[in-house]
Structure formats: structure tokens, C-alpha cells
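**Q** If it helps, the file is called my_file_32.cif and holds mmCIF, C-alpha atoms:
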data_query
#
loop_
_atom_site.label_atom_id
_atom_site.label_comp_id
_atom_site.auth_asym_id
_atom_site.auth_seq_id
_atom_site.Cartn_x
_atom_site.Cartn_y
_atom_site.Cartn_z
CA MET L 91 72.13 100.33 28.14
CA ARG L 92 69.25 100.05 30.61
CA ALA L 93 69.04 96.34 29.75
CA LEU L 94 72.73 95.91 30.60
CA VAL L 95 72.35 97.62 33.97
CA GLU L 96 69.32 95.45 34.68
CA LEU L 97 71.11 92.22 33.70
CA LEU L 98 74.08 93.04 35.94
CA VAL L 99 71.94 93.96 38.92
CA ARG L 100 69.50 91.04 38.55
CA SER L 101 72.35 88.55 38.43
CA LEU L 102 73.76 89.84 41.72
CA VAL L 103 70.70 89.95 43.99
CA ASP L 104 68.46 87.36 45.66
CA GLU L 105 65.13 89.06 45.06
CA VAL L 106 65.23 89.40 41.29
CA GLU L 107 61.59 90.52 41.09
CA ALA L 108 62.29 93.57 43.26
CA VAL L 109 64.87 94.99 40.85
CA ASP L 110 63.84 98.23 39.19
CA VAL L 111 66.05 100.31 36.90
CA GLN L 112 64.93 103.75 35.71
CA GLU L 113 66.70 105.65 32.97
CA HIS L 114 66.86 109.44 33.08
CA ALA L 115 68.41 111.57 30.36
CA ASP L 116 70.20 114.45 32.11
CA VAL L 117 72.32 117.14 30.49
CA GLY L 118 75.37 115.39 29.07
CA PHE L 119 74.74 111.96 30.57
CA PHE L 120 72.29 109.18 31.22
CA ARG L 121 71.49 108.44 34.82
CA TYR L 122 70.32 105.02 35.96
CA GLU L 123 68.46 104.76 39.22
CA VAL L 124 68.66 101.25 40.60
CA ARG L 125 66.24 99.99 43.22
CA VAL L 126 66.60 96.59 44.89
CA ALA L 127 65.05 94.85 47.90
CA PRO L 128 66.39 96.24 51.22
CA GLY L 129 68.13 92.94 51.97
CA ASP L 130 70.01 93.05 48.68
CA VAL L 131 71.49 96.54 48.98
CA GLY L 132 74.62 95.34 50.78
CA ARG L 133 75.10 92.53 48.30
CA LEU L 134 74.87 94.94 45.36
CA ILE L 135 77.31 97.39 46.91
CA GLY L 136 79.76 94.74 48.08
CA ARG L 137 82.66 94.88 50.50
CA GLN L 138 84.05 98.44 50.45
CA GLY L 139 81.82 99.17 47.46
CA ARG L 140 83.72 96.73 45.29
CA THR L 141 80.69 95.22 43.56
CA ILE L 142 78.90 98.45 42.67
CA ARG L 143 82.25 99.80 41.42
CA ALA L 144 82.56 96.78 39.15
CA VAL L 145 79.00 97.28 37.86
CA ARG L 146 79.73 100.95 37.12
CA GLN L 147 82.98 100.04 35.37
CA VAL L 148 81.28 97.56 33.03
CA VAL L 149 78.44 100.00 32.26
CA ARG L 150 80.97 102.78 31.66
CA ALA L 151 82.85 100.57 29.18
CA ALA L 152 79.61 99.97 27.27
CA ALA L 153 78.83 103.70 27.31
CA LEU L 154 82.32 104.60 26.11
CA LYS L 155 81.74 102.37 23.13
CA ASP L 156 78.54 104.28 22.33
CA GLY L 157 80.16 107.65 23.05
CA VAL L 158 77.88 108.53 25.96
CA GLN L 159 78.37 109.29 29.65
CA VAL L 160 76.53 107.36 32.33
CA ARG L 161 75.94 107.35 36.06
CA VAL L 162 74.63 104.42 38.04
CA GLU L 163 73.03 105.25 41.38
CA VAL L 164 71.57 102.96 44.00
CA VAL L 165 68.52 104.63 45.50
CA MET K 246 68.13 70.84 33.58
CA LYS K 247 68.97 67.32 32.48
CA SER K 248 68.04 64.28 34.47
CA ILE K 249 68.38 60.53 34.20
CA GLU K 250 67.17 57.45 36.08
CA MET K 251 69.67 54.75 36.91
CA ARG K 252 69.48 51.34 38.58
CA ALA K 253 72.45 49.67 40.27
CA ARG K 254 73.25 47.36 43.19
CA THR K 255 73.63 50.20 45.70
CA ILE K 256 72.49 53.83 45.81
CA GLU K 257 76.09 55.08 45.58
CA GLU K 258 76.80 53.01 42.50
CA ALA K 259 73.62 54.18 40.81
CA VAL K 260 74.41 57.84 41.53
CA ALA K 261 77.99 57.50 40.27
CA ALA K 262 76.79 55.85 37.06
CA ALA K 263 74.12 58.51 36.52
CA VAL K 264 76.58 61.38 37.08
CA ALA K 265 78.98 59.79 34.59
CA ALA K 266 76.18 59.26 32.07
CA LEU K 267 75.14 62.92 32.31
CA GLY K 268 78.75 64.03 31.96
CA VAL K 269 78.50 66.57 34.78
CA ARG K 270 80.13 67.31 38.15
CA ARG K 271 78.71 65.57 41.22
CA GLU K 272 78.24 68.89 43.09
CA ASP K 273 75.91 70.21 40.39
CA CYS K 274 73.46 67.31 40.91
CA THR K 275 70.52 66.61 43.14
CA VAL K 276 69.66 62.99 43.85
CA CYS K 277 66.23 61.47 44.43
CA VAL K 278 66.10 57.85 45.55
CA LEU K 279 63.09 56.28 43.81
CA GLU K 280 63.58 52.74 45.11
CA GLU K 281 65.77 51.54 47.97
CA PRO K 282 67.77 48.41 47.21
CA VAL K 283 66.07 45.20 48.43
CA LYS K 284 68.27 42.39 49.68
CA GLY K 285 66.06 39.43 48.83
CA LEU K 286 65.94 36.03 50.51
CA LEU K 287 68.21 32.99 50.20
CA GLY K 288 70.06 32.97 46.94
CA ARG K 289 69.04 36.51 46.04
CA LEU K 290 65.47 35.53 45.44
CA GLY K 291 63.57 38.78 44.93
CA ALA K 292 66.69 40.95 45.24
CA ARG K 293 66.45 44.30 43.51
CA GLY K 294 68.92 47.13 43.06
CA ALA K 295 68.46 50.79 43.94
CA LEU K 296 66.75 53.14 41.51
CA VAL K 297 67.76 56.80 41.62
CA LYS K 298 66.90 59.88 39.65
CA VAL K 299 69.78 62.33 39.27
CA THR K 300 69.14 65.88 38.08
CA ALA K 301 71.95 68.17 37.01
CA ALA K 302 71.48 71.89 37.51
CA GLU K 303 73.24 74.31 35.21
CA SER K 304 76.89 74.24 36.26
CA LYS K 305 78.80 77.29 37.49
CA ALA K 306 80.86 77.28 34.30
CA GLU K 307 77.70 77.29 32.17
CA VAL K 308 76.06 80.08 34.17
CA GLY K 309 79.22 82.18 33.80
CA LEU K 310 79.36 81.51 30.07
CA GLY K 311 75.72 82.47 29.52
CA PHE K 312 76.17 85.61 31.58
CA LEU K 313 79.25 86.72 29.62
CA GLN K 314 77.55 86.04 26.30
CA GLU K 315 74.54 88.09 27.37
CA ILE K 316 76.78 91.00 28.37
CA LEU K 317 78.62 90.86 25.04
CA GLY K 318 75.27 90.87 23.24
CA LEU K 319 73.93 93.87 25.17
CA MET K 320 77.19 95.78 24.65
CA GLY K 321 77.01 95.06 20.94
CA ILE K 322 80.39 93.37 20.93
CA ASP K 323 80.98 90.64 18.40
CA GLY K 324 83.08 88.12 20.29
CA THR K 325 83.30 84.40 20.94
CA VAL K 326 83.87 82.95 24.38
CA THR K 327 85.97 79.80 24.76
CA VAL K 328 85.74 77.93 28.07
CA VAL K 329 88.77 76.11 29.49
CA SER K 330 87.68 74.13 32.52
CA GLY K 331 90.50 73.30 34.96
CA ASP K 332 90.81 71.86 38.48
CA GLU K 333 91.29 75.20 40.21
CA CYS K 334 89.72 77.67 37.84
CA VAL K 335 87.50 78.01 34.81
CA ARG K 336 88.98 80.32 32.17
CA TYR K 337 86.88 82.25 29.67
CA GLN K 338 88.82 83.49 26.68
CA ILE K 339 87.03 86.18 24.73
CA GLU K 340 88.23 86.82 21.19
CA GLY K 341 86.91 88.84 18.28
CA PRO K 342 86.84 92.28 16.69
CA GLY K 343 86.17 95.05 19.19
CA VAL K 344 86.62 92.92 22.31
CA LYS K 345 89.42 95.23 23.47
CA ALA K 346 86.67 97.57 24.75
CA LEU K 347 86.35 95.03 27.58
CA ILE K 348 89.90 95.50 28.88
CA GLY K 349 89.90 99.12 30.00
CA HIS K 350 92.66 101.19 31.56
CA HIS K 351 95.13 98.80 33.25
CA GLY K 352 92.60 96.00 32.77
CA GLN K 353 90.07 97.68 35.08
CA THR K 354 87.05 96.69 33.01
CA LEU K 355 88.34 93.13 32.73
CA ASP K 356 88.75 92.93 36.51
CA ALA K 357 85.26 94.36 37.01
CA LEU K 358 83.76 91.87 34.58
CA GLN K 359 85.56 89.01 36.33
CA HIS K 360 84.34 90.14 39.76
CA VAL K 361 80.73 90.33 38.60
CA VAL K 362 80.76 87.00 36.75
CA ASN K 363 82.22 85.26 39.82
CA LEU K 364 79.44 86.63 42.03
CA ALA K 365 76.71 85.89 39.50
CA ALA K 366 77.78 82.29 38.85
CA SER K 367 78.64 81.40 42.45
CA ARG K 368 75.17 81.88 43.84
CA GLY K 369 73.85 78.58 45.04
CA SER K 370 76.72 76.63 43.50
CA GLN K 371 78.87 74.15 45.41
CA ASP K 372 81.60 74.58 42.82
CA ARG K 373 84.42 76.50 44.53
CA ARG K 374 86.54 77.09 41.43
CA ARG K 375 87.46 80.65 40.53
CA LEU K 376 86.31 82.07 37.21
CA VAL K 377 88.98 83.87 35.22
CA VAL K 378 88.04 86.16 32.34
CA ASP K 379 90.63 87.00 29.70
CA VAL K 380 90.18 89.20 26.64
CA ALA K 381 92.44 88.92 23.58
CA GLY K 382 95.17 87.27 25.68
CA TYR K 383 95.53 90.38 27.88
CA ARG K 384 95.90 88.55 31.19
CA GLN K 385 98.33 86.06 29.81
CA GLN K 386 100.57 88.76 28.33
CA ARG K 387 100.32 90.80 31.49
CA GLU K 388 101.38 87.76 33.50
CA GLU K 389 104.42 87.22 31.29
CA ARG K 390 105.39 90.89 31.61
CA LEU K 391 104.99 90.72 35.39
CA LEU K 392 107.23 87.66 35.57
CA ALA K 393 109.93 89.36 33.50
CA MET K 394 109.67 92.54 35.57
CA ALA K 395 109.81 90.61 38.86
CA GLN K 396 113.01 88.85 37.81
CA ARG K 397 114.61 92.07 36.57
CA LEU K 398 113.80 94.01 39.75
CA ALA K 399 114.87 91.12 41.97
CA GLU K 400 118.29 91.17 40.30
CA ARG K 401 118.55 94.89 40.95
CA VAL K 402 117.62 94.45 44.63
CA ALA K 403 120.17 91.64 44.95
CA ARG K 404 122.84 93.87 43.41
CA THR K 405 122.16 97.11 45.30
CA GLY K 406 120.70 95.75 48.55
CA GLU K 407 117.94 98.37 48.38
CA SER K 408 114.23 97.50 48.56
CA ILE K 409 111.92 98.35 45.68
CA GLU K 410 108.18 99.03 45.92
CA LEU K 411 106.22 98.01 42.85
CA GLU K 412 103.18 99.83 41.52
CA ALA K 413 99.83 98.98 43.11
CA MET K 414 98.36 95.76 41.73
CA ALA K 415 95.32 93.53 42.13
CA SER K 416 95.66 90.51 44.43
CA TYR K 417 96.11 87.89 41.72
CA GLU K 418 98.85 90.02 40.11
CA ARG K 419 100.68 90.39 43.41
CA LYS K 420 100.43 86.66 43.77
CA VAL K 421 102.18 86.19 40.43
CA VAL K 422 105.10 88.29 41.74
CA HIS K 423 105.26 86.55 45.15
CA THR K 424 105.18 83.13 43.53
CA ALA K 425 107.81 84.07 40.95
CA LEU K 426 110.28 85.17 43.63
CA GLN K 427 109.54 82.79 46.49
CA ASP K 428 112.59 80.65 45.76
CA HIS K 429 114.93 83.51 44.93
CA PRO K 430 118.08 83.22 47.12
CA ASP K 431 118.69 86.96 47.67
CA VAL K 432 115.30 88.63 47.96
CA SER K 433 112.04 88.27 49.85
CA THR K 434 108.66 89.80 49.04
CA HIS K 435 105.69 91.09 51.01
CA SER K 436 102.77 93.42 50.38
CA GLU K 437 101.95 96.74 52.02
CA GLY K 438 99.09 99.22 51.82
CA GLU K 439 95.33 98.98 51.67
CA GLU K 440 93.32 97.68 48.74
CA PRO K 441 93.08 98.82 46.00
CA HIS K 442 96.48 100.52 46.46
CA ARG K 443 98.26 97.50 47.93
CA SER K 444 101.65 96.88 46.40
CA VAL K 445 104.46 94.34 46.52
CA ILE K 446 107.81 95.25 48.07
CA ILE K 447 110.90 93.33 47.05
CA SER K 448 113.57 93.51 49.74
CA TYR K 449 117.10 92.25 50.16
CA ARG K 450 117.62 89.10 52.19
CA ARG K 451 121.03 88.50 53.72
CA ARG K 452 122.21 84.99 53.08
#
What's the C-alpha cells form of this structure?
**A**
Amino acid sequence: MRALVELLVRSLVDEVEAVDVQEHADVGFFRYEVRVAPGDVGRLIGRQGRTIRAVRQVVRAAALKDGVQVRVEVV
Amino acid sequence: MKSIEMRARTIEEAVAAAVAALGVRREDCTVCVLEEPVKGLLGRLGARGALVKVTAAESKAEVGLGFLQEILGLMGIDGTVTVVSGDECVRYQIEGPGVKALIGHHGQTLDALQHVVNLAASRGSQDRRRLVVDVAGYRQQREERLLAMAQRLAERVARTGESIELEAMASYERKVVHTALQDHPDVSTHSEGEEPHRSVIISYRRR
């Protein structure tokens, strides 16, 4: 799952090397903390949050298949 | 990255021949002129054509395909992606057992996937074509249902004279409805509301 989040984020930003995705197992769900270069934050979030919503939707679909809950946060 | 060297009378001719030989789109190529054409003296003595090196980057359609295949792999979905390359859009048709997990409620996951693949493949590409992702014929069926519904509701509006607001739809779905009814004699269509809750309204048009 972490690899999927990383693939999605890396394919959307300019500074691929600056992408960092941390996985945390919280009670009942996995939480992914995504860090990108400051200049890429807007690109990752997208107009009216459209892009980050799309990323979350795809990750959620993958999680649903595995029967787990996930959260993707940009920090 | 594939590249080829080509010699022809002019630079333009050499580039065109090289692009054709590589079987790629011109906008995916970078050109390096290795030798300028030389005119030569009387009777073409010493004349020499242009030599160019043309390099084709991975095309937008290929980047999109690779990206989708990688996502399928990471999601553990066994599916094959077929690419249909058109003038206005590139369609990816995903088929196989378990691919329905990619559709989601009202096609939300499919729309999300399409949004992301468009962004990922458009970076640095001159190719302006839209990428369309379809899973197990979902979009196609949805389009057919929308067309049927648009016609049915248009008839009702024409009969009763009362406007009807459709459910909220994504932009390309609204476009299907607008296009379907643009030549209808008795109704007109427009959209109201803010994304993502924007919806089409079919209203009566006096003749």
C-alpha cells in the first residue's frame, strides 16, 4: 500500500527525490504521511483539492480490496 | 528512448523521414541537426544533404499505459490494458477478473484514476489529447444509459413544459447530455451549480 501511495505521489510532482511517504499503523486504520517539496504541495493538492481527493480515492479502492482502512495526509 | 539518423535533401525532409521510420508522433521527438545541407557548386558538384538525429521520448500514451499497469500491479489486480489511440483522446480499456474494484461508487474510483493518469502522463508532453480510462466497459454503458435517459426526459419536458434538473454529474457526462439534446426542437439544456455538484437542467423551449 505504501508503494502505491508513493507511486501516485511521485508521478504527480516535479521534485521526485523530495517525496517521502511514512506508514503508521493506528487503531483501525493505516495512516500515510506524505511529504513533498514545498513547491509541489499545490500540485499534489490540485485545484479545489481535486488531485489529492483522486489520490485518496485510488488508495481507498486498493485498501477496500484488502479489507483495511486508510488515511492519506499531506504534512 | 529510440533514435535514428537520417539523411535527406533538406532538414525538414530528413526529420519527416526519421519520424516516419520511428513510427512515432512528431511532438514526442527532439531533433539534432548533425550536418547542414551543402548546396555545392555548378552541377551539384560537392552537394550534400542534411543529416539529422531524431530521438523519440516515451509518448504520453505509453507513459499512461505504464502508469496504469504499475497501479494494477501494486493493487494486486489481474487485468490487461488495451490502448486505443484516437485523434482527440487515448482510451485505455481495462479488462480482467477483479477489475471492477477500480470502478467504485458511481464510477468515483474510475474518475479518480483518470484524473491522476492525465496529470502523470501530461507532464512535459506536447501531446494535448485527453486520456480516457474505462474498466469493463463501464463508461461506454454509462454513456448509453445517459443518452437513453436524456432522450426520455427531453420527451417529458416537451410534453409537460416543465424543466427537469438531472442528478449531479461529472463534466464529461454533462457534455454527453448537452450534445445529445443540442438539436432537439423543443428543449434546451444548461448546467447549474458548483463542481462537483453541478447538474444539467433540461428546459422547455417555445418554438
**Q** Evaluated on this file, the PyMOL selection byres ((chain K) within 6 of (chain L)) picks out some residues - which ones are they, written as a list in words?
**A**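 With the shown file as input, the PyMOL selection byres ((chain K) within 6 of (chain L)) matches Leu319, Met320, Thr354, Ala357 and Ala365 of chain K.
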**Q** Check what the PyMOL selection byres ((chain K and resi 404-413) around 10) selects in the file above and give those residues as number ranges by chain.
**A** K: 394-395, 398-403, 414-416, 418-419, 422, 431-451
**Q** So, with all atoms listed in the file as the atoms that count, which of K:Ala306, K:Cys277, K:Glu315, K:Gln353 lies closest to Val328 in chain K?
**A**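 Once distances to Val328 in chain K are computed over all atoms listed in the file, the minimum belongs to K:Ala306.
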**Q** Since I can't run it myself right now, could you work out what the PyMOL selection byres ((chain K and resi 261) around 12) selects here and report it as a list in words?
**A**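 Against this file, the PyMOL selection byres ((chain K and resi 261) around 12) returns the residues Ile249, Glu250, Met251, Arg252, Ala253, Arg254, Thr255, Ile256, Glu257, Glu258, Ala259, Val260, Ala262, Ala263, Val264, Ala265, Ala266, Leu267, Gly268, Val269, Arg270, Arg271, Glu272, Cys274, Val276, Val297, Lys298 and Val299 of chain K.
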**Q** Can I get the selection written as a PDB file, in the coordinates of the input, with C-alpha atoms?
**A**
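Below is the file that was written, result22.pdb:
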ATOM      1  CA  ILE K 249      68.380  60.530  34.200  1.00  0.00           C
ATOM      2  CA  GLU K 250      67.170  57.450  36.080  1.00  0.00           C
ATOM      3  CA  MET K 251      69.670  54.750  36.910  1.00  0.00           C
ATOM      4  CA  ARG K 252      69.480  51.340  38.580  1.00  0.00           C
ATOM      5  CA  ALA K 253      72.450  49.670  40.270  1.00  0.00           C
ATOM      6  CA  ARG K 254      73.250  47.360  43.190  1.00  0.00           C
ATOM      7  CA  THR K 255      73.630  50.200  45.700  1.00  0.00           C
ATOM      8  CA  ILE K 256      72.490  53.830  45.810  1.00  0.00           C
ATOM      9  CA  GLU K 257      76.090  55.080  45.580  1.00  0.00           C
ATOM     10  CA  GLU K 258      76.800  53.010  42.500  1.00  0.00           C
ATOM     11  CA  ALA K 259      73.620  54.180  40.810  1.00  0.00           C
ATOM     12  CA  VAL K 260      74.410  57.840  41.530  1.00  0.00           C
ATOM     13  CA  ALA K 262      76.790  55.850  37.060  1.00  0.00           C
ATOM     14  CA  ALA K 263      74.120  58.510  36.520  1.00  0.00           C
ATOM     15  CA  VAL K 264      76.580  61.380  37.080  1.00  0.00           C
ATOM     16  CA  ALA K 265      78.980  59.790  34.590  1.00  0.00           C
ATOM     17  CA  ALA K 266      76.180  59.260  32.070  1.00  0.00           C
ATOM     18  CA  LEU K 267      75.140  62.920  32.310  1.00  0.00           C
ATOM     19  CA  GLY K 268      78.750  64.030  31.960  1.00  0.00           C
ATOM     20  CA  VAL K 269      78.500  66.570  34.780  1.00  0.00           C
ATOM     21  CA  ARG K 270      80.130  67.310  38.150  1.00  0.00           C
ATOM     22  CA  ARG K 271      78.710  65.570  41.220  1.00  0.00           C
ATOM     23  CA  GLU K 272      78.240  68.890  43.090  1.00  0.00           C
ATOM     24  CA  CYS K 274      73.460  67.310  40.910  1.00  0.00           C
ATOM     25  CA  VAL K 276      69.660  62.990  43.850  1.00  0.00           C
ATOM     26  CA  VAL K 297      67.760  56.800  41.620  1.00  0.00           C
ATOM     27  CA  LYS K 298      66.900  59.880  39.650  1.00  0.00           C
ATOM     28  CA  VAL K 299      69.780  62.330  39.270  1.00  0.00           C
TER      29      VAL K 299
END
**Q** Quick one: distance from CA of Ile135 in chain L to CA of Cys334 in chain K in Å, one decimal?
**A** 25.0 Å
**Q** In Å, with one decimal, what is the gap from CA of Val111 in chain L to CA of Val165 in chain L?
**A**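 Atom-to-atom, CA of Val111 in chain L and CA of Val165 in chain L are spaced 9.9 Å apart.
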**Q** In Å, with one decimal, what is the gap from CA of Ala425 in chain K to CA of Thr327 in chain K?
**A**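 Straight-line distance from CA of Ala425 in chain K to CA of Thr327 in chain K works out to 27.5 Å.
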**Q** How would range 138-149 of chain L look with all heavy atoms restored, written as a PDB file, in the coordinates of the input?
**A**
ATOM      1  N   GLN L 138      83.399  97.163  50.791  1.00  0.00           N
ATOM      2  CA  GLN L 138      84.050  98.440  50.450  1.00  0.00           C
ATOM      3  C   GLN L 138      83.609  98.957  49.069  1.00  0.00           C
ATOM      4  O   GLN L 138      84.392  99.558  48.345  1.00  0.00           O
ATOM      5  CB  GLN L 138      85.567  98.292  50.492  1.00  0.00           C
ATOM      6  CG  GLN L 138      86.057  98.048  51.900  1.00  0.00           C
ATOM      7  CD  GLN L 138      87.547  97.830  51.990  1.00  0.00           C
ATOM      8  OE1 GLN L 138      88.212  97.641  50.981  1.00  0.00           O
ATOM      9  NE2 GLN L 138      88.068  97.850  53.190  1.00  0.00           N
ATOM     10  N   GLY L 139      82.360  98.656  48.720  1.00  0.00           N
ATOM     11  CA  GLY L 139      81.820  99.170  47.460  1.00  0.00           C
ATOM     12  C   GLY L 139      82.375  98.505  46.213  1.00  0.00           C
ATOM     13  O   GLY L 139      82.211  99.007  45.098  1.00  0.00           O
ATOM     14  N   ARG L 140      83.022  97.364  46.401  1.00  0.00           N
ATOM     15  CA  ARG L 140      83.720  96.730  45.290  1.00  0.00           C
ATOM     16  C   ARG L 140      82.767  96.291  44.167  1.00  0.00           C
ATOM     17  O   ARG L 140      83.063  96.451  42.984  1.00  0.00           O
ATOM     18  CB  ARG L 140      84.484  95.519  45.821  1.00  0.00           C
ATOM     19  CG  ARG L 140      85.415  94.969  44.788  1.00  0.00           C
ATOM     20  CD  ARG L 140      86.418  94.020  45.359  1.00  0.00           C
ATOM     21  NE  ARG L 140      87.104  93.393  44.241  1.00  0.00           N
ATOM     22  CZ  ARG L 140      87.600  92.181  44.268  1.00  0.00           C
ATOM     23  NH1 ARG L 140      87.525  91.467  45.362  1.00  0.00           N
ATOM     24  NH2 ARG L 140      88.186  91.685  43.228  1.00  0.00           N
ATOM     25  N   THR L 141      81.598  95.754  44.569  1.00  0.00           N
ATOM     26  CA  THR L 141      80.690  95.220  43.560  1.00  0.00           C
ATOM     27  C   THR L 141      80.033  96.327  42.746  1.00  0.00           C
ATOM     28  O   THR L 141      79.989  96.256  41.518  1.00  0.00           O
ATOM     29  CB  THR L 141      79.639  94.309  44.210  1.00  0.00           C
ATOM     30  OG1 THR L 141      80.330  93.285  44.935  1.00  0.00           O
ATOM     31  CG2 THR L 141      78.749  93.669  43.162  1.00  0.00           C
ATOM     32  N   ILE L 142      79.551  97.369  43.430  1.00  0.00           N
ATOM     33  CA  ILE L 142      78.900  98.450  42.670  1.00  0.00           C
ATOM     34  C   ILE L 142      79.929  99.154  41.789  1.00  0.00           C
ATOM     35  O   ILE L 142      79.626  99.591  40.685  1.00  0.00           O
ATOM     36  CB  ILE L 142      78.149  99.450  43.611  1.00  0.00           C
ATOM     37  CG1 ILE L 142      77.299 100.435  42.800  1.00  0.00           C
ATOM     38  CG2 ILE L 142      79.078 100.220  44.507  1.00  0.00           C
ATOM     39  CD1 ILE L 142      76.140  99.799  42.070  1.00  0.00           C
ATOM     40  N   ARG L 143      81.180  99.219  42.252  1.00  0.00           N
ATOM     41  CA  ARG L 143      82.250  99.800  41.420  1.00  0.00           C
ATOM     42  C   ARG L 143      82.437  98.984  40.150  1.00  0.00           C
ATOM     43  O   ARG L 143      82.626  99.530  39.061  1.00  0.00           O
ATOM     44  CB  ARG L 143      83.559  99.853  42.206  1.00  0.00           C
ATOM     45  CG  ARG L 143      84.046 101.257  42.413  1.00  0.00           C
ATOM     46  CD  ARG L 143      85.465 101.433  42.899  1.00  0.00           C
ATOM     47  NE  ARG L 143      86.161 100.316  43.442  1.00  0.00           N
ATOM     48  CZ  ARG L 143      86.289 100.043  44.734  1.00  0.00           C
ATOM     49  NH1 ARG L 143      85.730 100.826  45.621  1.00  0.00           N
ATOM     50  NH2 ARG L 143      86.967  98.997  45.143  1.00  0.00           N
ATOM     51  N   ALA L 144      82.387  97.663  40.316  1.00  0.00           N
ATOM     52  CA  ALA L 144      82.560  96.780  39.150  1.00  0.00           C
ATOM     53  C   ALA L 144      81.401  96.960  38.167  1.00  0.00           C
ATOM     54  O   ALA L 144      81.603  97.030  36.961  1.00  0.00           O
ATOM     55  CB  ALA L 144      82.663  95.324  39.606  1.00  0.00           C
ATOM     56  N   VAL L 145      80.174  97.074  38.709  1.00  0.00           N
ATOM     57  CA  VAL L 145      79.000  97.280  37.860  1.00  0.00           C
ATOM     58  C   VAL L 145      79.169  98.578  37.066  1.00  0.00           C
ATOM     59  O   VAL L 145      78.976  98.621  35.849  1.00  0.00           O
ATOM     60  CB  VAL L 145      77.710  97.328  38.702  1.00  0.00           C
ATOM     61  CG1 VAL L 145      76.528  97.808  37.864  1.00  0.00           C
ATOM     62  CG2 VAL L 145      77.421  95.954  39.306  1.00  0.00           C
ATOM     63  N   ARG L 146      79.555  99.649  37.782  1.00  0.00           N
ATOM     64  CA  ARG L 146      79.730 100.950  37.120  1.00  0.00           C
ATOM     65  C   ARG L 146      80.800 100.865  36.042  1.00  0.00           C
ATOM     66  O   ARG L 146      80.656 101.446  34.968  1.00  0.00           O
ATOM     67  CB  ARG L 146      80.140 102.012  38.153  1.00  0.00           C
ATOM     68  CG  ARG L 146      79.002 102.401  39.059  1.00  0.00           C
ATOM     69  CD  ARG L 146      79.405 103.549  39.967  1.00  0.00           C
ATOM     70  NE  ARG L 146      78.263 103.997  40.727  1.00  0.00           N
ATOM     71  CZ  ARG L 146      78.243 104.084  42.060  1.00  0.00           C
ATOM     72  NH1 ARG L 146      79.298 103.767  42.773  1.00  0.00           N
ATOM     73  NH2 ARG L 146      77.142 104.501  42.664  1.00  0.00           N
ATOM     74  N   GLN L 147      81.876 100.154  36.327  1.00  0.00           N
ATOM     75  CA  GLN L 147      82.980 100.040  35.370  1.00  0.00           C
ATOM     76  C   GLN L 147      82.528  99.368  34.074  1.00  0.00           C
ATOM     77  O   GLN L 147      82.840  99.811  32.978  1.00  0.00           O
ATOM     78  CB  GLN L 147      84.128  99.256  36.013  1.00  0.00           C
ATOM     79  CG  GLN L 147      85.360  99.100  35.128  1.00  0.00           C
ATOM     80  CD  GLN L 147      86.117 100.401  34.935  1.00  0.00           C
ATOM     81  OE1 GLN L 147      86.126 101.261  35.801  1.00  0.00           O
ATOM     82  NE2 GLN L 147      86.744 100.548  33.785  1.00  0.00           N
ATOM     83  N   VAL L 148      81.751  98.288  34.222  1.00  0.00           N
ATOM     84  CA  VAL L 148      81.280  97.560  33.030  1.00  0.00           C
ATOM     85  C   VAL L 148      80.309  98.443  32.230  1.00  0.00           C
ATOM     86  O   VAL L 148      80.394  98.531  31.003  1.00  0.00           O
ATOM     87  CB  VAL L 148      80.609  96.222  33.420  1.00  0.00           C
ATOM     88  CG1 VAL L 148      79.986  95.560  32.190  1.00  0.00           C
ATOM     89  CG2 VAL L 148      81.634  95.288  34.058  1.00  0.00           C
ATOM     90  N   VAL L 149      79.408  99.133  32.943  1.00  0.00           N
ATOM     91  CA  VAL L 149      78.440 100.000  32.260  1.00  0.00           C
ATOM     92  C   VAL L 149      79.174 101.152  31.564  1.00  0.00           C
ATOM     93  O   VAL L 149      78.843 101.530  30.436  1.00  0.00           O
ATOM     94  CB  VAL L 149      77.396 100.546  33.256  1.00  0.00           C
ATOM     95  CG1 VAL L 149      76.452 101.529  32.561  1.00  0.00           C
ATOM     96  CG2 VAL L 149      76.593  99.403  33.860  1.00  0.00           C
TER      97      VAL L 149
END
